[in-house]
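Pasted below: start25.txt, compact mmCIF, C-alpha atoms.
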```
# COMPACT_ATOMS: atom_id res chain seq x y z
CA MET A 713 1.90 0.66 12.80
CA HIS A 714 2.09 -0.92 9.37
CA GLU A 715 5.68 -1.91 10.16
CA MET A 716 4.13 -4.92 11.91
CA SER A 717 2.56 -6.03 8.62
CA LEU A 718 5.81 -5.31 6.81
CA ALA A 719 7.79 -7.34 9.37
CA GLU A 720 5.36 -10.18 8.78
CA GLY A 721 6.01 -9.70 5.07
CA VAL A 722 9.70 -10.24 5.77
CA ILE A 723 8.96 -13.48 7.61
CA GLN A 724 6.83 -14.64 4.67
CA VAL A 725 9.69 -13.98 2.28
CA LEU A 726 12.03 -15.94 4.59
CA GLU A 727 9.65 -18.89 4.85
CA GLU A 728 9.13 -19.07 1.10
CA SER A 729 12.89 -18.91 0.59
CA ALA A 730 13.44 -21.64 3.20
CA VAL A 731 11.28 -24.00 1.15
CA ALA A 732 12.81 -22.96 -2.18
CA GLN A 733 16.44 -22.96 -1.02
CA GLY A 734 16.36 -25.69 1.61
CA PHE A 735 17.33 -24.11 4.90
CA SER A 736 15.70 -24.34 8.30
CA ARG A 737 17.11 -21.44 10.29
CA VAL A 738 17.80 -17.82 9.58
CA LYS A 739 20.64 -16.30 11.60
CA LYS A 740 20.81 -12.88 10.06
CA VAL A 741 18.70 -10.78 7.72
CA TRP A 742 19.81 -7.81 5.64
CA LEU A 743 17.06 -5.41 4.64
CA GLU A 744 17.45 -2.57 2.19
CA ILE A 745 15.24 0.29 3.31
CA GLY A 746 15.04 3.51 1.34
CA ARG A 747 15.06 6.72 3.35
CA LEU A 748 11.85 7.79 1.58
CA SER A 749 10.13 4.41 1.79
CA HIS A 750 7.15 3.53 3.98
CA VAL A 751 9.35 2.11 6.73
CA GLU A 752 10.70 3.66 9.87
CA ALA A 753 13.87 1.68 10.63
CA GLU A 754 13.48 1.66 14.42
CA ALA A 755 9.83 0.60 14.21
CA MET A 756 10.87 -2.18 11.83
CA ARG A 757 13.51 -3.43 14.32
CA PHE A 758 10.94 -3.49 17.09
CA CYS A 759 8.32 -5.31 15.00
CA PHE A 760 10.79 -7.70 13.42
CA GLU A 761 11.89 -8.95 16.81
CA ALA A 762 8.26 -9.44 17.81
CA VAL A 763 7.19 -11.41 14.73
CA CYS A 764 10.39 -13.53 14.68
CA LYS A 765 9.43 -15.33 17.85
CA GLY A 766 8.50 -18.92 17.09
CA SER A 767 9.47 -18.56 13.43
CA ILE A 768 12.48 -19.83 11.49
CA ALA A 769 14.07 -16.48 12.21
CA GLN A 770 13.80 -16.62 16.01
CA ASP A 771 16.67 -14.60 17.53
CA ALA A 772 17.90 -13.63 14.08
CA GLU A 773 19.97 -10.50 13.83
CA LEU A 774 18.58 -7.71 11.68
CA GLU A 775 20.81 -5.42 9.65
CA ILE A 776 19.16 -2.47 7.95
CA ILE A 777 20.99 -0.97 4.99
CA GLU A 778 19.70 2.54 4.43
CA ILE A 779 19.43 3.67 0.82
CA PRO A 780 19.61 7.43 0.36
CA GLY A 781 16.94 9.11 -1.77
CA THR A 782 17.83 10.21 -5.30
CA GLY A 783 15.62 12.56 -7.29
CA TRP A 784 15.68 13.36 -11.01
CA CYS A 785 14.40 16.75 -12.11
CA HIS A 786 12.20 16.78 -15.23
CA GLU A 787 12.85 20.47 -15.72
CA CYS A 788 16.65 20.64 -15.68
CA GLY A 789 17.48 16.95 -16.07
CA LYS A 790 19.81 16.82 -13.06
CA GLN A 791 20.02 14.23 -10.31
CA PHE A 792 20.35 15.13 -6.67
CA GLU A 793 20.04 13.72 -3.17
CA TYR A 794 16.34 13.70 -2.34
CA GLN A 795 15.71 14.30 1.37
CA ALA A 796 11.90 14.44 1.32
CA ARG A 797 9.17 13.96 -1.25
CA TYR A 798 8.25 17.65 -1.11
CA ASP A 799 11.80 18.89 -1.72
CA PRO A 800 12.36 21.01 -4.82
CA CYS A 801 15.26 20.43 -7.17
CA PRO A 802 18.27 22.21 -5.60
CA HIS A 803 19.50 23.26 -9.06
CA CYS A 804 16.39 24.93 -10.52
CA ASN A 805 13.92 24.94 -7.58
CA GLY A 806 11.36 23.03 -9.67
CA TYR A 807 9.00 20.46 -8.18
CA GLN A 808 8.79 18.20 -11.23
CA VAL A 809 10.91 15.64 -9.48
CA GLN A 810 10.87 11.90 -10.00
CA MET A 811 12.30 9.59 -7.38
CA VAL A 812 14.86 7.21 -8.85
CA ALA A 813 16.03 5.65 -5.57
CA GLY A 814 15.01 5.77 -1.93
CA ASP A 815 11.69 3.93 -1.79
CA GLU A 816 13.17 0.42 -1.54
CA MET A 817 11.80 -2.11 0.95
CA ARG A 818 13.66 -5.28 0.12
CA VAL A 819 15.03 -8.39 1.76
CA LYS A 820 18.53 -8.34 0.29
CA GLU A 821 20.14 -11.46 1.65
CA LEU A 822 20.25 -13.89 4.52
CA GLU A 823 22.69 -15.89 6.53
CA VAL A 824 21.11 -19.29 7.05
CA GLU A 825 21.85 -22.77 8.27
CA MET B 1005 -9.76 -20.64 -2.64
CA CYS B 1006 -6.78 -19.52 -0.67
CA THR B 1007 -4.09 -22.11 -1.18
CA THR B 1008 -1.12 -19.97 -0.18
CA CYS B 1009 -3.03 -17.97 2.38
CA GLY B 1010 -0.80 -15.49 4.14
CA CYS B 1011 -3.37 -14.28 6.62
CA ALA B 1012 -1.48 -11.88 8.79
CA SER B 1013 -4.13 -10.23 10.89
CA GLY B 1014 -5.71 -12.43 13.49
CA ASN B 1015 -8.51 -9.99 14.19
CA THR B 1016 -9.57 -9.41 10.60
CA GLN B 1017 -13.20 -10.14 9.86
CA ILE B 1018 -15.26 -9.90 6.70
CA GLU B 1019 -18.92 -9.33 7.44
CA GLY B 1020 -18.37 -10.53 10.98
CA HIS B 1021 -16.69 -13.79 10.01
CA ASP B 1022 -13.11 -14.55 10.89
CA LEU B 1023 -10.97 -14.20 7.78
CA HIS B 1024 -9.13 -17.37 8.75
CA HIS B 1025 -12.04 -19.74 9.04
CA GLY B 1026 -12.35 -22.52 6.53
CA HIS B 1027 -8.85 -22.20 5.15
CA ALA B 1028 -6.29 -24.93 5.27
CA HIS B 1029 -3.05 -23.17 6.03
CA ALA B 1030 0.01 -24.85 4.68
CA HIS B 1031 2.36 -23.22 7.14
CA ASP B 1032 2.04 -23.43 10.88
CA HIS B 1033 3.46 -20.22 12.24
CA ASP B 1034 1.14 -18.03 14.21
CA HIS B 1035 1.06 -14.46 12.99
CA THR B 1036 -1.14 -12.78 15.49
CA HIS B 1037 -0.67 -9.26 16.69
CA SER B 1038 -1.41 -10.04 20.26
CA HIS B 1039 2.04 -10.91 21.49
CA ALA B 1040 3.99 -7.96 20.35
CA HIS B 1041 4.15 -5.29 22.94
CA ASP B 1042 5.28 -6.82 26.18
CA HIS B 1043 9.00 -7.01 25.73
CA ALA B 1044 10.03 -3.63 24.44
CA HIS B 1045 13.73 -2.86 24.25
CA SER B 1046 14.93 -5.17 26.96
CA HIS B 1047 17.41 -6.96 24.70
CA SER B 1048 20.56 -5.45 23.32
CA GLN B 1049 20.59 -7.15 19.95
CA SER B 1050 18.74 -4.82 17.68
CA HIS B 1051 20.55 -1.67 18.70
CA SER B 1052 23.99 -2.94 19.50
CA HIS B 1053 25.51 -3.67 16.13
CA ALA B 1054 27.63 -0.93 14.68
CA PRO B 1055 26.14 0.54 11.53
CA ASP B 1056 29.16 -0.08 9.38
CA ALA B 1057 27.92 0.93 5.97
CA LYS B 1058 30.92 0.04 3.82
CA GLY B 1059 30.26 -1.68 0.55
CA ASP B 1060 31.48 -5.08 1.75
CA LEU B 1061 29.26 -5.05 4.80
CA HIS B 1062 27.15 -8.07 3.95
CA TYR B 1063 29.94 -10.25 2.61
CA GLY B 1064 32.89 -9.61 4.91
CA ARG B 1065 31.29 -9.17 8.30
CA GLY B 1066 29.15 -11.12 10.69
CA ALA B 1067 28.98 -14.74 11.62
CA ALA B 1068 29.16 -16.05 8.07
CA GLY B 1069 32.50 -14.40 7.49
CA ALA B 1070 33.83 -15.56 10.82
CA HIS B 1071 33.15 -19.24 10.31
CA ALA B 1072 35.54 -21.30 8.24
CA PRO B 1073 33.95 -23.38 5.52
CA GLY B 1074 33.26 -26.90 6.69
CA LEU B 1075 32.94 -25.95 10.35
CA SER B 1076 29.44 -24.64 10.04
CA GLN B 1077 26.29 -25.22 8.08
CA ARG B 1078 25.89 -21.50 7.78
CA ARG B 1079 25.71 -19.97 4.33
CA MET B 1080 24.59 -16.81 2.61
CA VAL B 1081 21.47 -16.68 0.47
CA GLN B 1082 20.75 -13.86 -1.97
CA ILE B 1083 17.09 -12.94 -1.85
CA GLU B 1084 16.55 -9.53 -3.46
CA GLN B 1085 12.83 -9.66 -2.90
CA ASP B 1086 10.46 -6.86 -2.00
CA ILE B 1087 9.02 -7.07 1.49
CA LEU B 1088 5.56 -6.51 0.06
CA SER B 1089 5.95 -9.11 -2.68
CA LYS B 1090 3.27 -11.34 -1.22
CA ASN B 1091 0.78 -8.48 -0.94
CA ASP B 1092 1.70 -7.43 -4.47
CA ARG B 1093 0.98 -10.92 -5.79
CA TYR B 1094 -2.47 -10.81 -4.22
CA ALA B 1095 -2.94 -7.31 -5.66
CA ALA B 1096 -2.02 -8.54 -9.14
CA ALA B 1097 -4.56 -11.37 -8.82
CA ASN B 1098 -7.21 -8.86 -7.70
CA ARG B 1099 -6.38 -6.60 -10.65
CA GLU B 1100 -6.77 -9.50 -13.04
CA LYS B 1101 -10.11 -10.47 -11.55
CA LEU B 1102 -11.33 -6.86 -11.65
CA ALA B 1103 -10.33 -6.59 -15.31
CA GLU B 1104 -12.20 -9.80 -16.13
CA GLN B 1105 -15.33 -8.34 -14.54
CA ASN B 1106 -14.81 -4.86 -16.09
CA LEU B 1107 -14.80 -3.30 -12.66
CA LEU B 1108 -13.20 0.09 -12.12
CA ALA B 1109 -11.79 -0.15 -8.60
CA LEU B 1110 -11.03 3.05 -6.69
CA ASN B 1111 -9.18 2.94 -3.39
CA LEU B 1112 -10.42 5.86 -1.26
CA VAL B 1113 -7.92 6.98 1.33
CA SER B 1114 -8.09 9.81 3.85
CA SER B 1115 -8.01 10.74 7.52
CA PRO B 1116 -10.98 9.65 9.60
CA GLY B 1117 -13.82 12.13 9.24
CA SER B 1118 -12.99 13.56 5.82
CA GLY B 1119 -16.41 12.55 4.51
CA LYS B 1120 -15.62 9.42 2.51
CA THR B 1121 -18.83 7.60 3.37
CA THR B 1122 -21.00 10.67 2.74
CA LEU B 1123 -19.23 11.12 -0.59
CA LEU B 1124 -19.97 7.51 -1.45
CA THR B 1125 -23.63 7.49 -0.44
CA ARG B 1126 -24.26 10.66 -2.47
CA THR B 1127 -22.31 9.26 -5.42
CA ILE B 1128 -24.28 6.02 -5.42
CA GLU B 1129 -27.58 7.88 -5.16
CA ASP B 1130 -26.62 10.09 -8.13
CA ILE B 1131 -24.93 7.66 -10.52
CA GLY B 1132 -26.13 4.28 -9.26
CA LYS B 1133 -28.52 4.03 -12.20
CA THR B 1134 -25.77 4.61 -14.77
CA PHE B 1135 -23.09 2.48 -13.16
CA THR B 1136 -23.62 -0.50 -10.94
CA CYS B 1137 -21.77 0.44 -7.77
CA GLY B 1138 -20.33 -1.75 -5.06
CA VAL B 1139 -18.41 -0.82 -1.93
CA ILE B 1140 -15.84 -2.59 0.20
CA GLU B 1141 -15.75 -0.86 3.57
CA GLY B 1142 -12.64 -1.02 5.73
CA ASP B 1143 -12.82 -0.08 9.40
CA GLN B 1144 -11.23 -1.41 12.55
CA GLN B 1145 -14.64 -2.21 14.02
CA THR B 1146 -18.39 -1.97 13.35
CA ALA B 1147 -20.43 -2.40 10.19
CA ASN B 1148 -21.86 1.13 10.49
CA ASP B 1149 -20.41 2.35 7.20
CA ALA B 1150 -21.49 -0.72 5.24
CA ASP B 1151 -24.98 -0.24 6.69
CA ARG B 1152 -25.00 3.38 5.46
CA ILE B 1153 -24.02 2.18 1.97
CA ARG B 1154 -26.60 -0.62 1.96
CA ALA B 1155 -29.29 1.93 2.79
CA THR B 1156 -28.71 3.33 -0.74
CA GLY B 1157 -29.47 -0.09 -2.22
CA ALA B 1158 -25.88 -0.76 -3.30
CA LYS B 1159 -23.96 -3.91 -2.48
CA ALA B 1160 -21.49 -3.42 0.38
CA VAL B 1161 -19.09 -5.74 2.15
CA GLN B 1162 -17.58 -4.70 5.47
CA ILE B 1163 -14.03 -5.70 6.36
CA ASN B 1164 -13.10 -5.20 10.00
CA THR B 1165 -9.35 -5.10 10.35
CA GLY B 1166 -9.38 -5.62 14.11
CA LYS B 1167 -6.06 -4.15 15.23
CA GLY B 1168 -4.98 -3.51 11.65
CA CYS B 1169 -4.44 0.02 10.39
CA HIS B 1170 -4.99 -0.61 6.67
CA LEU B 1171 -6.61 -2.98 4.18
CA ASP B 1172 -4.29 -5.36 2.36
CA ALA B 1173 -4.73 -7.11 -0.98
CA HIS B 1174 -5.47 -10.47 0.64
CA MET B 1175 -8.48 -9.14 2.59
CA VAL B 1176 -9.78 -7.36 -0.51
CA GLY B 1177 -9.38 -10.55 -2.57
CA HIS B 1178 -11.73 -12.37 -0.22
CA ALA B 1179 -14.23 -9.49 -0.27
CA LEU B 1180 -14.09 -9.48 -4.09
CA GLU B 1181 -15.44 -13.03 -4.13
CA GLN B 1182 -18.77 -11.49 -3.19
CA PHE B 1183 -19.02 -9.06 -6.11
CA ASP B 1184 -20.24 -9.43 -9.65
CA LEU B 1185 -21.28 -5.99 -10.76
CA GLY B 1186 -21.32 -6.44 -14.53
CA GLU B 1187 -20.16 -4.43 -17.51
CA GLN B 1188 -20.34 -0.88 -16.17
CA GLY B 1189 -19.39 -1.53 -12.59
CA VAL B 1190 -17.52 0.72 -10.21
CA LEU B 1191 -16.10 -0.76 -7.04
CA PHE B 1192 -15.22 1.72 -4.32
CA ILE B 1193 -12.85 0.50 -1.66
CA GLU B 1194 -13.14 2.73 1.39
CA ASN B 1195 -9.88 2.17 3.20
CA VAL B 1196 -9.35 2.53 6.94
CA GLY B 1197 -9.20 6.23 7.82
CA ASN B 1198 -5.46 6.70 8.00
CA LEU B 1199 -3.14 8.85 5.90
CA VAL B 1200 -0.02 6.77 6.59
CA CYS B 1201 -0.24 2.99 6.31
CA PRO B 1202 -2.64 2.46 3.36
CA ALA B 1203 -0.16 4.27 1.09
CA ALA B 1204 2.14 1.26 1.04
CA PHE B 1205 -0.43 -1.41 0.21
CA ASP B 1206 -1.54 -1.99 -3.37
CA LEU B 1207 -5.02 -3.55 -3.31
CA GLY B 1208 -5.26 -4.09 -7.06
CA GLU B 1209 -7.14 -0.81 -7.59
CA ALA B 1210 -7.01 1.28 -10.76
CA HIS B 1211 -6.44 4.49 -8.78
CA LYS B 1212 -5.94 5.69 -5.25
CA VAL B 1213 -8.14 8.70 -4.52
CA ALA B 1214 -7.09 10.86 -1.56
CA ILE B 1215 -9.87 12.81 0.11
CA LEU B 1216 -8.97 15.86 2.13
CA SER B 1217 -11.64 17.96 3.79
CA VAL B 1218 -11.10 21.69 4.08
CA THR B 1219 -11.65 21.50 7.83
CA GLU B 1220 -8.20 19.89 7.97
CA GLY B 1221 -4.96 21.78 7.42
CA GLU B 1222 -3.92 22.73 3.90
CA ASP B 1223 -0.45 21.38 4.61
CA LYS B 1224 -1.66 17.76 4.93
CA PRO B 1225 -0.02 16.84 1.58
CA LEU B 1226 3.34 17.89 3.04
CA LYS B 1227 2.72 16.22 6.40
CA TYR B 1228 1.67 12.94 4.78
CA PRO B 1229 3.56 13.03 1.47
CA ASP B 1230 3.58 9.26 0.85
CA MET B 1231 -0.19 9.17 0.54
CA PHE B 1232 -0.51 12.16 -1.75
CA HIS B 1233 2.36 10.79 -3.82
CA ALA B 1234 0.55 7.48 -4.23
CA ALA B 1235 -2.82 9.04 -5.18
CA ASP B 1236 -3.85 9.93 -8.73
CA LEU B 1237 -6.68 12.20 -7.64
CA MET B 1238 -7.11 14.50 -4.64
CA ILE B 1239 -10.66 15.45 -3.71
CA LEU B 1240 -11.06 18.58 -1.58
CA ASN B 1241 -14.30 17.91 0.24
CA LYS B 1242 -16.62 20.14 2.30
CA VAL B 1243 -15.90 23.25 0.17
CA ASP B 1244 -19.28 24.65 1.27
CA LEU B 1245 -17.55 25.42 4.58
CA LEU B 1246 -14.76 27.50 3.00
CA PRO B 1247 -16.38 30.88 3.84
CA TYR B 1248 -16.05 30.01 7.54
CA LEU B 1249 -12.48 28.74 7.42
CA ASP B 1250 -8.96 29.99 6.76
CA PHE B 1251 -8.18 27.09 4.46
CA ASP B 1252 -6.06 28.24 1.50
CA VAL B 1253 -7.18 26.11 -1.47
CA ALA B 1254 -4.50 27.32 -3.90
CA GLN B 1255 -1.77 26.69 -1.33
CA CYS B 1256 -3.10 23.19 -0.62
CA ILE B 1257 -3.09 22.30 -4.33
CA GLU B 1258 0.41 23.72 -4.68
CA TYR B 1259 1.60 21.54 -1.75
CA ALA B 1260 -0.04 18.46 -3.27
CA ARG B 1261 1.70 19.08 -6.60
CA ARG B 1262 5.04 19.42 -4.80
CA VAL B 1263 4.80 15.81 -3.68
CA ASN B 1264 3.02 14.64 -6.82
CA PRO B 1265 3.28 16.85 -9.91
CA GLU B 1266 0.79 14.62 -11.78
CA ILE B 1267 -2.00 14.65 -9.19
CA GLN B 1268 -5.44 15.75 -10.41
CA VAL B 1269 -7.60 17.84 -8.08
CA LEU B 1270 -11.37 18.18 -7.71
CA GLN B 1271 -13.18 20.50 -5.31
CA LEU B 1272 -16.62 19.51 -4.13
CA SER B 1273 -19.09 19.25 -1.30
CA ALA B 1274 -20.70 15.86 -0.87
CA ARG B 1275 -23.25 17.51 1.43
CA THR B 1276 -24.53 20.25 -0.91
CA GLY B 1277 -23.67 18.50 -4.17
CA GLU B 1278 -21.46 21.35 -5.40
CA GLY B 1279 -18.76 20.08 -7.77
CA MET B 1280 -20.04 16.50 -7.77
CA GLN B 1281 -20.54 16.52 -11.56
CA GLY B 1282 -16.77 16.81 -12.00
CA TRP B 1283 -16.28 13.71 -9.85
CA TYR B 1284 -18.85 11.76 -11.87
CA ALA B 1285 -17.22 12.88 -15.12
CA TRP B 1286 -13.86 11.69 -13.79
CA ILE B 1287 -15.30 8.27 -12.86
CA GLU B 1288 -16.92 7.94 -16.29
CA GLN B 1289 -13.69 8.89 -18.03
CA ARG B 1290 -11.67 6.35 -16.03
CA GLN B 1291 -14.31 3.67 -16.65
CA GLN B 1292 -14.17 4.41 -20.40
CA ALA B 1293 -10.37 4.30 -20.33
CA LEU B 1294 -10.49 0.91 -18.61
CA LEU B 1295 -12.91 -0.52 -21.18
CA GLN B 1296 -10.93 1.01 -24.04
CA ALA B 1297 -7.69 -0.55 -22.77
CA LYS B 1298 -9.41 -3.91 -22.59
CA LEU B 1299 -10.87 -3.49 -26.09
CA ASP B 1300 -7.45 -2.55 -27.48
CA ALA B 1301 -5.91 -5.65 -25.92
CA LEU B 1302 -8.68 -7.88 -27.29
CA GLU B 1303 -8.43 -6.35 -30.77
CA SER B 1304 -4.71 -6.90 -30.82
CA GLN B 1305 -5.32 -10.49 -29.74
CA VAL B 1306 -7.90 -10.96 -32.51
CA ALA B 1307 -5.54 -9.44 -35.08
CA SER B 1308 -2.80 -11.78 -33.95
CA LEU B 1309 -5.13 -14.81 -34.22
CA LYS B 1310 -6.22 -13.71 -37.70
CA ARG B 1311 -2.61 -13.43 -38.81
CA THR B 1312 -1.90 -16.90 -37.45
CA LEU B 1313 -4.91 -18.35 -39.28
CA GLY B 1314 -4.00 -16.50 -42.49
CA LYS B 1315 -0.52 -17.98 -42.40
CA GLY B 1316 -1.78 -21.45 -41.50
```
Would you kindly transcribe this structure into structure tokens?
Amino acid sequence: MHEMSLAEGVIQVLEESAVAQGFSRVKKVWLEIGRLSHVEAEAMRFCFEAVCKGSIAQDAELEIIEIPGTGWCHECGKQFEYQARYDPCPHCNGYQVQMVAGDEMRVKELEVE
Amino acid sequence: MCTTCGCASGNTQIEGHDLHHGHAHAHDHDHTHSHAHDHAHSHSQSHSHAPDAKGDLHYGRGAAGAHAPGLSQRRMVQIEQDILSKNDRYAAANREKLAEQNLLALNLVSSPGSGKTTLLTRTIEDIGKTFTCGVIEGDQQTANDADRIRATGAKAVQINTGKGCHLDAHMVGHALEQFDLGEQGVLFIENVGNLVCPAAFDLGEAHKVAILSVTEGEDKPLKYPDMFHAADLMILNKVDLLPYLDFDVAQCIEYARRVNPEIQVLQLSARTGEGMQGWYAWIEQRQQALLQAKLDALESQVASLKRTLGKG
């Protein structure tokens, strides 16, 4: 259940931002989560709500923006939608694939007051 | 030491001592894990919002868009920061400290029972005279593994993660305070036995090494692709048992290369010693590469200083 640690990581980012940007409450949080990242969106929702209690983000709404995976094939040089890390390139069936998007775990923006 | 301490795991202990003790924490929120599971999905908030994924989602919708300027203190703040940024800062500090001490740090990850500790005790017995070896042991509870390492004469520090399922860079940073292995040192970090969570957490290591025993399924790299993607080396352990098993070595390696085309593979048995020389050669090569990289950086620094003096 590393989503709990990741949710705490979100709160840490919020608290550091609160000091840097001068706000005291977070009303809404937008996270960008890649489909091939280390985060399960539903587990993150569950953990986020738990760790928000008593923090500056108590009762904050969480919006998860899913980023689809994109792979780039070293063998044929084409890009394609990457569903799983073990997927071959759909154009040449090669496995020399580099992920160019889809492993994001970012706090994108906040609504604060 | 820990001025911006982000201790997140209330049950974490290093050598039996609470990770929190003695630190002045600047912030006052309480990040324990003990409060989390008693209120499951009784609220409607987290599942009720429509997943409208249009491009203007985060500017045109929600409370901020619905409040006229001047009527509310609410505002939008762009953050664009990785969730793991704090861990990654600790990891960068660890990496710097390891480089200063010329320590090759290897983060050993696997399922429980793959033979990590046996691999380590044998390794230390065999190469402990050539390289000074140290071990950071991560387990939820007990100091059993650290005790097994100490029996070889090597320095070992046990981290108990309590409820935690992985080591993070902050815990390792504190454990590192207890090591000074010298010029030819190798620091093994035996992570919590878990093929999922440790993949996400950079500890400041030079390489992640995934250990897979042949008593497990050969499709583990496909079942847990994040871990095998993050590792630079896969060790197939317990190969002495292959005659009694249906494990398909070639298929396993092929699966691992599907998720990580660059992954190196070694086959060995920590029990019989078969294949261990390849592992030692790999460690020596990585240690040399680390020292060479440091030498190159220093030489370039010296050259730059000489040029400056020559001009002056």
Problem set entry | Close residues, Gly1177 in chain B itself excluded, 8 Å, only C-alpha atoms, min 2 positions apart in chain, as a PyMOL selection string | chain B and resi 1094-1095+1097-1098+1173-1175+1179-1181
Write the selection just made, keeping C-alpha atoms, as a compact mmCIF listing (two decimals), keeping the file's coordinate frame?
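Saved as result24.txt:
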```
# COMPACT_ATOMS: atom_id res chain seq x y z
CA TYR B 1094 -2.47 -10.81 -4.22
CA ALA B 1095 -2.94 -7.31 -5.66
CA ALA B 1097 -4.56 -11.37 -8.82
CA ASN B 1098 -7.21 -8.86 -7.70
CA ALA B 1173 -4.73 -7.11 -0.98
CA HIS B 1174 -5.47 -10.47 0.64
CA MET B 1175 -8.48 -9.14 2.59
CA ALA B 1179 -14.23 -9.49 -0.27
CA LEU B 1180 -14.09 -9.48 -4.09
CA GLU B 1181 -15.44 -13.03 -4.13
```
For this session: Figure out the distance between CA of Asn1195 in chain B and CA of Glu1141 in chain B, please, to one decimal in Å.
Result: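 Going from CA of Glu1141 in chain B over to CA of Asn1195 in chain B covers 6.6 Å.
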Exercise. CA of Gln1292 in chain B and CA of Thr1276 in chain B, how far apart in Å?
Worked result: 27.2 Å
Exercise. Any idea which chain A residues end up within 8 Å of chain B if we count only C-alpha atoms, as a ChimeraX atom specification please?
Worked result: /A:713-714,717-722,724-725,729,742,750,757-759,762-763,766-767,773-774,777,797-800,807-809,816-825
Take the selection from the previous step and output its residues with C-alpha atoms, as an mmCIF file, keeping the file's coordinate frame.
```cif
data_model
loop_
_atom_site.group_PDB
_atom_site.id
_atom_site.type_symbol
_atom_site.label_atom_id
_atom_site.label_comp_id
_atom_site.auth_asym_id
_atom_site.auth_seq_id
_atom_site.Cartn_x
_atom_site.Cartn_y
_atom_site.Cartn_z
ATOM 1 C CA MET A 713 1.900 0.660 12.800
ATOM 2 C CA HIS A 714 2.090 -0.920 9.370
ATOM 3 C CA SER A 717 2.560 -6.030 8.620
ATOM 4 C CA LEU A 718 5.810 -5.310 6.810
ATOM 5 C CA ALA A 719 7.790 -7.340 9.370
ATOM 6 C CA GLU A 720 5.360 -10.180 8.780
ATOM 7 C CA GLY A 721 6.010 -9.700 5.070
ATOM 8 C CA VAL A 722 9.700 -10.240 5.770
ATOM 9 C CA GLN A 724 6.830 -14.640 4.670
ATOM 10 C CA VAL A 725 9.690 -13.980 2.280
ATOM 11 C CA SER A 729 12.890 -18.910 0.590
ATOM 12 C CA TRP A 742 19.810 -7.810 5.640
ATOM 13 C CA HIS A 750 7.150 3.530 3.980
ATOM 14 C CA ARG A 757 13.510 -3.430 14.320
ATOM 15 C CA PHE A 758 10.940 -3.490 17.090
ATOM 16 C CA CYS A 759 8.320 -5.310 15.000
ATOM 17 C CA ALA A 762 8.260 -9.440 17.810
ATOM 18 C CA VAL A 763 7.190 -11.410 14.730
ATOM 19 C CA GLY A 766 8.500 -18.920 17.090
ATOM 20 C CA SER A 767 9.470 -18.560 13.430
ATOM 21 C CA GLU A 773 19.970 -10.500 13.830
ATOM 22 C CA LEU A 774 18.580 -7.710 11.680
ATOM 23 C CA ILE A 777 20.990 -0.970 4.990
ATOM 24 C CA ARG A 797 9.170 13.960 -1.250
ATOM 25 C CA TYR A 798 8.250 17.650 -1.110
ATOM 26 C CA ASP A 799 11.800 18.890 -1.720
ATOM 27 C CA PRO A 800 12.360 21.010 -4.820
ATOM 28 C CA TYR A 807 9.000 20.460 -8.180
ATOM 29 C CA GLN A 808 8.790 18.200 -11.230
ATOM 30 C CA VAL A 809 10.910 15.640 -9.480
ATOM 31 C CA GLU A 816 13.170 0.420 -1.540
ATOM 32 C CA MET A 817 11.800 -2.110 0.950
ATOM 33 C CA ARG A 818 13.660 -5.280 0.120
ATOM 34 C CA VAL A 819 15.030 -8.390 1.760
ATOM 35 C CA LYS A 820 18.530 -8.340 0.290
ATOM 36 C CA GLU A 821 20.140 -11.460 1.650
ATOM 37 C CA LEU A 822 20.250 -13.890 4.520
ATOM 38 C CA GLU A 823 22.690 -15.890 6.530
ATOM 39 C CA VAL A 824 21.110 -19.290 7.050
ATOM 40 C CA GLU A 825 21.850 -22.770 8.270
#
```
Please determine an axis-aligned box that encloses all atoms of range 1234-1250 of chain B listed in the file, with 8 Å added on each side, and express its centre and edge lengths in Å to one decimal as AutoDock Vina command-line options.
```
--center_x -9.4 --center_y 19.2 --center_z -0.6 --size_x 35.8 --size_y 39.4 --size_z 32.3
```
Problem set entry | Polymer residues at most 7 Å from Val1190 in chain B, only C-alpha atoms, same-chain spacing of 3 or more positions, as a VMD selection string | chain B and resid 1107 to 1109 1135 to 1138
For this session: Fewer than 4 positions away in the same chain doesn't count, so skip those; otherwise give me all residues within 9 Å of Arg1290 in chain B, counting only C-alpha atoms, as a ChimeraX atom specification.
Result: /B:1108,1210,1285-1286,1294-1295
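Near (-19.6, 8.0, -5.7), the residues that fall inside 9 Å on the basis of only C-alpha atoms are Thr1122, Leu1123, Leu1124, Thr1125, Arg1126, Thr1127, Ile1128, Glu1129, Asp1130, Ile1131, Gly1132, Cys1137, Val1190, Phe1192, Met1280, Trp1283, Tyr1284 and Ile1287 of chain B.
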Exercise. Looking at B:Leu1302, B:Ile1140, B:Leu1309, B:Val1113, which one is nearest to Gly1197 in chain B, with distances taken over all atoms listed in the file?
Worked result: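 Using all atoms listed in the file, Gly1197 in chain B sits closest to B:Val1113.
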Exercise. Within 7 Å of Leu1240 in chain B, counting all atoms listed in the file, which residues qualify if same-chain residues fewer than 5 places away don't, as a VMD selection string?
Worked result: chain B and resid 1215 to 1218 1270 to 1272
Exercise. Which is closer to Asp1143 in chain B than all the others in B:Lys1159, B:Thr1165, B:Ser1273, B:Lys1298, using all atoms listed in the file?
Worked result: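 Distance minimum relative to Asp1143 in chain B lands on B:Thr1165.
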For this session: Calculate how many Å separate CA of Thr1312 in chain B from CA of Glu1104 in chain B, rounding to one decimal.
Result: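 Rounded to one decimal, the two atoms are 24.7 Å apart.
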Problem set entry | From B:Lys1242, B:His1178, B:Lys1101, B:Lys1212, residue lying nearest Glu1019 in chain B [all atoms listed in the file] | B:His1178
